[in-house]
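Please read the structure below before turning to the comments.
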Amino acid sequence: MSGIILESIFLKRSQQKKKTSPLNFKKRLFVLTETKLSYFEYDFERGRRGSKKGSVDIDRITFVEKVIPEQAPPPERQMPQRSDEDETGQLSKIERFPYPFQVVYDEGPLYVFAPTEELRRRWIHQLKNVITSKNDVMRKYHPKFWIDGQYLCCAQTSKNAMGCQILTSSNGSIKPVRSRRMSKKPLPPTPTEEKEKTSRPLPPEPPVQEEMKKVVALYGYTPMNANDLPLQKGEEYLILEEGNQAWWRARDKNGQEGYIPNNYVTEARDPLEMYEWYSKNMTRSQAEQLLKGEDKEGGFIVRESSKAGKYTVSVYAKSTAEPQGLTRHYVVCQTSQGQCYLAEKHLFDTIPEMITYHQHNSAGLISRLKYPVSSKKKNAPSTAGLGYGSWEIDHKDLTFLKELGSGQFGVVQYGKWRGQYDVAIKMIREGSMSEDEFIEEAKVMMNLSHENLVQLYGVCTKERPIFIITEYMSNGCLLNYLQESRRRFSANELLEMCRDICAAMAYLESNQFLHRDLAARNCLVNENGIVKVADFGLSRYVLDDEYTSSLGAKFPIRWSPPEVLLFSKFSSKSDVWSFGILMWEIFTLGKMPYDRFNNSEVMDHITKGLRLYRPQMATENIYAIMYSCWHDKPDERPSFLMLHNHIMDQIDE
């Protein structure tokens, strides 16, 4: 989307265009341009924009201002218990959006909730900037919400009723703006007129019965503790409670109830998830790698395109000209009537019907779709913890098998939990970590769950040394993977590594959580080549003074922006700077940043404006993405959300 001014994740309140509509709140990606305010679904697992849910033309907006919160709002819209606005990386246990503002246009107010006061202030300022040239800006407004058919501030019952409070400037004077009504309809009655018109109260509206959410299991799940409910792939379940962001309470068809990992299920309304040939989160190069590995004539995958709402069919075949095999990618097209096709003469109402036809007829494709290829069984996602509510792990359940290496906190080993599940065990050397503070935060960190984050399973704290138990990544550290791999990476594969990391960081950013030490050495690679971010937030608990001092060799100087080097000021934008350095590491296959200089020279050069050169494997467009992370001023650096969108634009489809 061109000309983007701002992009942020907010909580949006339903607009209740009908009185019987239920009041609900959904997280949406809001995008502001010079001409429109739009909001989209957002895929938090993949860290990318989804389908557009609505928009308002800028020339229809008549007013933007804060809203006084209602009394006793639910926890997610209350002020946090401890401040998360100072960007220290501390995460509230409840994801909070306590700062509401209103965007008023000809259909009434649009209520939006921001996670921080600073973000609300920035959006109100920018929205007011883009509507300042309008002559029909409102002079009076409603400072409180429209709820249950009336305004809480003045009890007026028309959503488009004139405001009850005069807008004043910062010095207390009335703002010199004209008010012009956009509708010629007569004004609604005032509260007094309304009262005189009728003294009988309106009958209560019948309560709206919301239908329970239904989900279908994408993977089988065996319970790890007594609170869990087993899942059978393809079976349908009712969701009873979504209070925990990683585990939902559910009921199966036999009436059994328990907790299930929410990343193992999908809402029943997505029919493609049930087919073996569908791989929702697969990229072009991953599809090619999987199909080539199967090496079967007519092997095929249907995957989600990088363009929202589109699908691609990837087909593998051999020929005399290509005995090693080749993969062709066909975009699923749609007619204006909504029918889909791969070959224009053969139209179908659904994608499954289209696939069934091409399983028997090539009809212009490189081959019939003979063999569905799937990685779902291999790639069942990690759960947030080893069972619902299990964060303290008994060390007797751990088997130590092999040392993987050592890091800032101590030795890391590969092992098994209860002899069955692969885990990595980080043994914390005494005196290296502020243990009590970490243990308190570990419960919160466990609920951070994303396909590109190394999952924290739990901790062993009953004895010393304490252990941190995480997901096991068989291909190890990304830095070593880049330096030691014998295979040659394409530029597209390197860009997909950047995409994986950026998706995880966009997720952390949306949860107001900082990494503080983002680098290739702190990312890991699994057996399928997927890159995941590890050790997020752990640098806060390091007790080694050298690590947090800009004078010490252990401080990540080469990955740090000027405001960290000079003032130790961390923020999501300091993580963005580090991500630019990490992109450079990836496209140089693991070179040391600023390798010609020592640490003190690096500090001097960075603060004077020196930046890394363009790697040979990076195009000008890719280098422009890196370079955008290295602006001196943090506010001029893009968000991870914007970076992710830019990277997706560069990935070949």
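Residue names in the structure tokens use chain letters A, B, ... in the order shown, residue numbers from 1 in each chain, and ligand numbers from 1 in the order shown.
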
For Ser490 (chain A), list every protein, DNA or RNA residue within 12 Å, evaluated using only C-alpha atoms, and leave out those in the same chain fewer than 6 positions away; present the list as a PyMOL selection string. chain A and resi 285+482+496-497+586-589+617-618+651-652

Could you please take those selected residues and save all heavy atoms as an mmCIF file, in the first residue's frame?
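Once written, again-v2.cif looks like this:
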data_model
loop_
_atom_site.group_PDB
_atom_site.id
_atom_site.type_symbol
_atom_site.label_atom_id
_atom_site.label_comp_id
_atom_site.auth_asym_id
_atom_site.auth_seq_id
_atom_site.Cartn_x
_atom_site.Cartn_y
_atom_site.Cartn_z
ATOM 1 N N SER A 285 10.305 -21.502 -2.205
ATOM 2 C CA SER A 285 11.516 -22.323 -2.146
ATOM 3 C C SER A 285 11.331 -23.532 -1.226
ATOM 4 O O SER A 285 11.892 -24.608 -1.481
ATOM 5 C CB SER A 285 12.712 -21.486 -1.696
ATOM 6 O OG SER A 285 12.526 -20.984 -0.408
ATOM 7 N N LEU A 482 25.048 -20.748 8.565
ATOM 8 C CA LEU A 482 25.435 -19.952 7.395
ATOM 9 C C LEU A 482 26.905 -20.167 7.038
ATOM 10 O O LEU A 482 27.261 -20.268 5.856
ATOM 11 C CB LEU A 482 25.201 -18.467 7.677
ATOM 12 C CG LEU A 482 23.751 -18.004 7.782
ATOM 13 C CD1 LEU A 482 23.692 -16.602 8.394
ATOM 14 C CD2 LEU A 482 23.066 -18.015 6.418
ATOM 15 N N GLU A 496 14.165 -15.443 2.826
ATOM 16 C CA GLU A 496 13.168 -16.155 3.626
ATOM 17 C C GLU A 496 13.633 -16.336 5.066
ATOM 18 O O GLU A 496 12.822 -16.335 5.996
ATOM 19 C CB GLU A 496 12.838 -17.505 2.984
ATOM 20 C CG GLU A 496 11.975 -17.344 1.735
ATOM 21 C CD GLU A 496 11.739 -18.650 1.015
ATOM 22 O OE1 GLU A 496 12.336 -19.676 1.422
ATOM 23 O OE2 GLU A 496 10.961 -18.658 0.046
ATOM 24 N N MET A 497 14.944 -16.475 5.277
ATOM 25 C CA MET A 497 15.469 -16.500 6.649
ATOM 26 C C MET A 497 15.172 -15.171 7.345
ATOM 27 O O MET A 497 14.734 -15.144 8.507
ATOM 28 C CB MET A 497 16.982 -16.750 6.643
ATOM 29 C CG MET A 497 17.409 -18.100 6.122
ATOM 30 S SD MET A 497 19.226 -18.239 6.120
ATOM 31 C CE MET A 497 19.435 -19.806 5.269
ATOM 32 N N ILE A 586 23.239 -12.400 7.393
ATOM 33 C CA ILE A 586 22.660 -13.467 6.568
ATOM 34 C C ILE A 586 23.154 -13.351 5.133
ATOM 35 O O ILE A 586 23.567 -14.342 4.510
ATOM 36 C CB ILE A 586 21.127 -13.422 6.649
ATOM 37 C CG1 ILE A 586 20.658 -13.881 8.035
ATOM 38 C CG2 ILE A 586 20.493 -14.281 5.553
ATOM 39 C CD1 ILE A 586 19.178 -13.705 8.296
ATOM 40 N N PHE A 587 23.142 -12.142 4.568
ATOM 41 C CA PHE A 587 23.510 -11.979 3.160
ATOM 42 C C PHE A 587 25.019 -11.981 2.929
ATOM 43 O O PHE A 587 25.464 -11.999 1.776
ATOM 44 C CB PHE A 587 22.861 -10.716 2.590
ATOM 45 C CG PHE A 587 21.455 -10.950 2.127
ATOM 46 C CD1 PHE A 587 20.391 -10.802 2.991
ATOM 47 C CD2 PHE A 587 21.199 -11.368 0.829
ATOM 48 C CE1 PHE A 587 19.089 -11.048 2.575
ATOM 49 C CE2 PHE A 587 19.913 -11.621 0.394
ATOM 50 C CZ PHE A 587 18.851 -11.457 1.267
ATOM 51 N N THR A 588 25.812 -11.991 3.998
ATOM 52 C CA THR A 588 27.261 -12.204 3.860
ATOM 53 C C THR A 588 27.649 -13.606 4.306
ATOM 54 O O THR A 588 28.840 -13.913 4.423
ATOM 55 C CB THR A 588 28.048 -11.179 4.698
ATOM 56 O OG1 THR A 588 27.663 -11.292 6.070
ATOM 57 C CG2 THR A 588 27.801 -9.758 4.201
ATOM 58 N N LEU A 589 26.658 -14.467 4.576
ATOM 59 C CA LEU A 589 26.869 -15.851 5.024
ATOM 60 C C LEU A 589 27.692 -15.901 6.310
ATOM 61 O O LEU A 589 28.590 -16.734 6.474
ATOM 62 C CB LEU A 589 27.521 -16.687 3.924
ATOM 63 C CG LEU A 589 26.733 -16.774 2.603
ATOM 64 C CD1 LEU A 589 27.467 -17.654 1.601
ATOM 65 C CD2 LEU A 589 25.320 -17.304 2.844
ATOM 66 N N MET A 617 25.404 -10.468 -2.341
ATOM 67 C CA MET A 617 24.197 -11.239 -2.649
ATOM 68 C C MET A 617 22.911 -10.441 -2.446
ATOM 69 O O MET A 617 21.821 -10.941 -2.735
ATOM 70 C CB MET A 617 24.146 -12.514 -1.804
ATOM 71 C CG MET A 617 25.247 -13.502 -2.122
ATOM 72 S SD MET A 617 24.969 -15.110 -1.333
ATOM 73 C CE MET A 617 23.564 -15.719 -2.275
ATOM 74 N N ALA A 618 23.025 -9.231 -1.931
ATOM 75 C CA ALA A 618 21.835 -8.408 -1.675
ATOM 76 C C ALA A 618 21.610 -7.444 -2.832
ATOM 77 O O ALA A 618 22.530 -6.737 -3.246
ATOM 78 C CB ALA A 618 21.998 -7.636 -0.367
ATOM 79 N N ILE A 651 10.159 -11.193 -1.943
ATOM 80 C CA ILE A 651 10.235 -12.645 -2.125
ATOM 81 C C ILE A 651 9.534 -13.026 -3.416
ATOM 82 O O ILE A 651 8.395 -12.646 -3.659
ATOM 83 C CB ILE A 651 9.614 -13.388 -0.927
ATOM 84 C CG1 ILE A 651 10.483 -13.171 0.320
ATOM 85 C CG2 ILE A 651 9.488 -14.878 -1.214
ATOM 86 C CD1 ILE A 651 9.935 -13.817 1.575
ATOM 87 N N ASP A 652 10.229 -13.767 -4.242
ATOM 88 C CA ASP A 652 9.650 -14.176 -5.524
ATOM 89 C C ASP A 652 8.430 -15.041 -5.309
ATOM 90 O O ASP A 652 8.413 -15.912 -4.455
ATOM 91 C CB ASP A 652 10.672 -14.985 -6.341
ATOM 92 C CG ASP A 652 11.809 -14.113 -6.831
ATOM 93 O OD1 ASP A 652 11.622 -12.889 -6.962
ATOM 94 O OD2 ASP A 652 12.884 -14.673 -7.080
#

List every residue of region 250-425 of chain A that DSSP, applied to the backbone of this structure, assigns to strand (DSSP E), and report them as a ChimeraX atom specification. /A:250-251,257-261,265-267,278-279,299-304,311-317,326-331,333-334,340-341,371-372,398-406,411-417,421-425

Separation of CA of Tyr472 (chain A) from CA of Glu527 (chain A) in Å: 9.8 Å

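Across the structure, CA of Pro372 (chain A) and CA of Leu342 (chain A) are spaced 16.9 Å apart.
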
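The interatomic distance for the pair CA of Arg284 (chain A) and CA of Leu612 (chain A) works out to 29.5 Å.
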
So that I can see what lies close to Glu344 (chain A), please list as a PyMOL selection string the residues with an atom at most 10 Å from it, counting only C-alpha atoms and leaving out residues fewer than 2 positions away in the same chain. chain A and resi 333-335+340-342+346-347+363-364

I need the chosen residues saved as a compact mmCIF listing (two decimals), in the first residue's frame, with C-alpha atoms.
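Saved result, part.txt, follows:
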# COMPACT_ATOMS: atom_id res chain seq x y z
CA CYS A 333 -7.13 -17.50 -10.81
CA GLN A 334 -10.69 -16.35 -10.18
CA THR A 335 -13.41 -15.14 -12.51
CA CYS A 340 -11.50 -20.63 -9.78
CA TYR A 341 -9.28 -22.19 -12.43
CA LEU A 342 -5.76 -23.13 -13.45
CA HIS A 346 -12.02 -25.52 -16.83
CA LEU A 347 -13.88 -23.52 -14.16
CA ALA A 363 -5.24 -29.85 -18.90
CA GLY A 364 -2.15 -27.77 -19.72

Can you work out which one of A:Tyr388, A:Lys36, A:Met473, A:Ala217 has the shortest atom-to-atom distance to Leu524 (chain A), counting only C-alpha atoms? A:Met473

Tell me which protein, DNA and RNA residues are within 9 Å of Phe101 (chain A), counting only C-alpha atoms, leaving out same-chain ones fewer than 2 positions away, and put them as a PDB file with N, CA, C and O atoms, in the first residue's frame.
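Result written to selection.pdb:
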ATOM      1  N   VAL A  64     -11.344  13.691  15.466  1.00  0.00           N
ATOM      2  CA  VAL A  64     -10.495  12.673  16.094  1.00  0.00           C
ATOM      3  C   VAL A  64     -10.138  13.173  17.494  1.00  0.00           C
ATOM      4  O   VAL A  64      -9.691  14.312  17.643  1.00  0.00           O
ATOM      5  N   GLU A  65     -10.367  12.349  18.496  1.00  0.00           N
ATOM      6  CA  GLU A  65     -10.038  12.783  19.862  1.00  0.00           C
ATOM      7  C   GLU A  65     -10.005  11.568  20.790  1.00  0.00           C
ATOM      8  O   GLU A  65     -10.466  10.481  20.440  1.00  0.00           O
ATOM      9  N   LYS A  66      -9.445  11.775  21.999  1.00  0.00           N
ATOM     10  CA  LYS A  66      -9.454  10.734  23.027  1.00  0.00           C
ATOM     11  C   LYS A  66     -10.884  10.448  23.482  1.00  0.00           C
ATOM     12  O   LYS A  66     -11.791  11.237  23.258  1.00  0.00           O
ATOM     13  N   VAL A  67     -11.052   9.307  24.168  1.00  0.00           N
ATOM     14  CA  VAL A  67     -12.331   8.945  24.776  1.00  0.00           C
ATOM     15  C   VAL A  67     -12.077   8.649  26.246  1.00  0.00           C
ATOM     16  O   VAL A  67     -11.075   8.018  26.598  1.00  0.00           O
ATOM     17  N   ILE A  68     -12.984   9.109  27.105  1.00  0.00           N
ATOM     18  CA  ILE A  68     -12.881   8.793  28.532  1.00  0.00           C
ATOM     19  C   ILE A  68     -13.300   7.332  28.723  1.00  0.00           C
ATOM     20  O   ILE A  68     -14.409   6.945  28.334  1.00  0.00           O
ATOM     21  N   TYR A  99      -5.867   2.631  26.117  1.00  0.00           N
ATOM     22  CA  TYR A  99      -5.900   4.032  25.695  1.00  0.00           C
ATOM     23  C   TYR A  99      -6.823   4.217  24.490  1.00  0.00           C
ATOM     24  O   TYR A  99      -6.389   4.102  23.342  1.00  0.00           O
ATOM     25  N   VAL A 103     -12.563   8.008  16.102  1.00  0.00           N
ATOM     26  CA  VAL A 103     -12.495   8.590  14.761  1.00  0.00           C
ATOM     27  C   VAL A 103     -13.940   8.725  14.303  1.00  0.00           C
ATOM     28  O   VAL A 103     -14.612   7.727  14.043  1.00  0.00           O
ATOM     29  N   LEU A 110     -15.902   5.571  15.305  1.00  0.00           N
ATOM     30  CA  LEU A 110     -15.122   4.339  15.261  1.00  0.00           C
ATOM     31  C   LEU A 110     -14.204   4.377  16.479  1.00  0.00           C
ATOM     32  O   LEU A 110     -13.380   5.276  16.618  1.00  0.00           O
ATOM     33  N   TYR A 111     -14.360   3.405  17.398  1.00  0.00           N
ATOM     34  CA  TYR A 111     -13.589   3.400  18.638  1.00  0.00           C
ATOM     35  C   TYR A 111     -12.398   2.454  18.513  1.00  0.00           C
ATOM     36  O   TYR A 111     -12.555   1.278  18.149  1.00  0.00           O
ATOM     37  N   VAL A 112     -11.215   2.985  18.833  1.00  0.00           N
ATOM     38  CA  VAL A 112      -9.964   2.252  18.695  1.00  0.00           C
ATOM     39  C   VAL A 112      -9.210   2.338  20.019  1.00  0.00           C
ATOM     40  O   VAL A 112      -9.219   3.380  20.674  1.00  0.00           O
ATOM     41  N   PHE A 113      -8.536   1.244  20.415  1.00  0.00           N
ATOM     42  CA  PHE A 113      -7.819   1.179  21.688  1.00  0.00           C
ATOM     43  C   PHE A 113      -6.342   0.920  21.409  1.00  0.00           C
ATOM     44  O   PHE A 113      -5.988  -0.072  20.761  1.00  0.00           O
ATOM     45  N   ALA A 114      -5.486   1.790  21.899  1.00  0.00           N
ATOM     46  CA  ALA A 114      -4.040   1.688  21.695  1.00  0.00           C
ATOM     47  C   ALA A 114      -3.370   1.054  22.912  1.00  0.00           C
ATOM     48  O   ALA A 114      -3.859   1.183  24.031  1.00  0.00           O
ATOM     49  N   ARG A 120      -1.122   6.309  21.007  1.00  0.00           N
ATOM     50  CA  ARG A 120      -2.390   7.020  20.826  1.00  0.00           C
ATOM     51  C   ARG A 120      -2.139   8.471  20.445  1.00  0.00           C
ATOM     52  O   ARG A 120      -2.759   8.992  19.515  1.00  0.00           O
ATOM     53  N   ILE A 124      -3.429  10.232  16.912  1.00  0.00           N
ATOM     54  CA  ILE A 124      -4.351  11.375  16.936  1.00  0.00           C
ATOM     55  C   ILE A 124      -3.712  12.570  16.231  1.00  0.00           C
ATOM     56  O   ILE A 124      -4.355  13.265  15.431  1.00  0.00           O
TER      57      ILE A 124
END

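Among the candidate residues A:Arg558, A:Lys569, A:Arg368, A:Lys233, the one lying nearest to Met274 (chain A) is A:Lys233, with distances computed using only C-alpha atoms.
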
Quick one: residues within 9 Å of Cys498 (chain A), only C-alpha atoms counted, chain neighbours fewer than 4 positions away excluded, as a PyMOL selection string? chain A and resi 493-494+502-503+531+579+582-583+586+644+647

Please save N, CA and C atoms of the selected residues as a PDB file, in the first residue's frame.
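Written out: selection31.pdb:
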ATOM      1  N   GLU A 493      16.352 -17.752  -0.676  1.00  0.00           N
ATOM      2  CA  GLU A 493      16.389 -18.525   0.570  1.00  0.00           C
ATOM      3  C   GLU A 493      16.907 -17.664   1.725  1.00  0.00           C
ATOM      4  N   LEU A 494      17.892 -16.827   1.443  1.00  0.00           N
ATOM      5  CA  LEU A 494      18.409 -15.932   2.483  1.00  0.00           C
ATOM      6  C   LEU A 494      17.346 -14.927   2.896  1.00  0.00           C
ATOM      7  N   CYS A 502      11.909 -11.747  11.018  1.00  0.00           N
ATOM      8  CA  CYS A 502      11.114 -10.523  11.095  1.00  0.00           C
ATOM      9  C   CYS A 502       9.690 -10.823  11.568  1.00  0.00           C
ATOM     10  N   ALA A 503       9.135 -11.962  11.152  1.00  0.00           N
ATOM     11  CA  ALA A 503       7.790 -12.346  11.597  1.00  0.00           C
ATOM     12  C   ALA A 503       7.765 -12.534  13.111  1.00  0.00           C
ATOM     13  N   VAL A 531      13.985 -20.810  10.414  1.00  0.00           N
ATOM     14  CA  VAL A 531      14.781 -20.053  11.382  1.00  0.00           C
ATOM     15  C   VAL A 531      13.869 -19.515  12.482  1.00  0.00           C
ATOM     16  N   PHE A 579      18.208  -5.884  13.831  1.00  0.00           N
ATOM     17  CA  PHE A 579      17.694  -6.733  12.749  1.00  0.00           C
ATOM     18  C   PHE A 579      18.360  -6.372  11.423  1.00  0.00           C
ATOM     19  N   LEU A 582      21.572  -8.057  11.442  1.00  0.00           N
ATOM     20  CA  LEU A 582      21.335  -9.493  11.259  1.00  0.00           C
ATOM     21  C   LEU A 582      21.058  -9.819   9.792  1.00  0.00           C
ATOM     22  N   MET A 583      20.289  -8.981   9.107  1.00  0.00           N
ATOM     23  CA  MET A 583      20.087  -9.185   7.661  1.00  0.00           C
ATOM     24  C   MET A 583      21.427  -9.160   6.933  1.00  0.00           C
ATOM     25  N   ILE A 586      23.239 -12.400   7.393  1.00  0.00           N
ATOM     26  CA  ILE A 586      22.660 -13.467   6.568  1.00  0.00           C
ATOM     27  C   ILE A 586      23.154 -13.351   5.133  1.00  0.00           C
ATOM     28  N   HIS A 644       8.443  -6.409   7.611  1.00  0.00           N
ATOM     29  CA  HIS A 644       7.959  -7.707   7.129  1.00  0.00           C
ATOM     30  C   HIS A 644       7.231  -7.555   5.801  1.00  0.00           C
ATOM     31  N   ILE A 647       9.790  -7.041   3.069  1.00  0.00           N
ATOM     32  CA  ILE A 647      10.492  -8.286   2.731  1.00  0.00           C
ATOM     33  C   ILE A 647       9.604  -9.192   1.891  1.00  0.00           C
TER      34      ILE A 647
END

May I ask which of the residues A:Gly309, A:Pro109, A:Pro615, A:Gly258 is the closest one to Lys591 (chain A), counting only C-alpha atoms?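 Nearest to Lys591 (chain A): A:Pro615.
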
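For the set A:Tyr316, A:Gly325, A:Asn262, A:Lys292, the residue with the smallest atom-to-atom gap to Pro381 (chain A) is A:Asn262, counting only C-alpha atoms.
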
When you count only C-alpha atoms, which of these residues is closest to Phe467 (chain A): A:His646, A:Lys426, A:Lys213, A:Arg122? A:Lys426
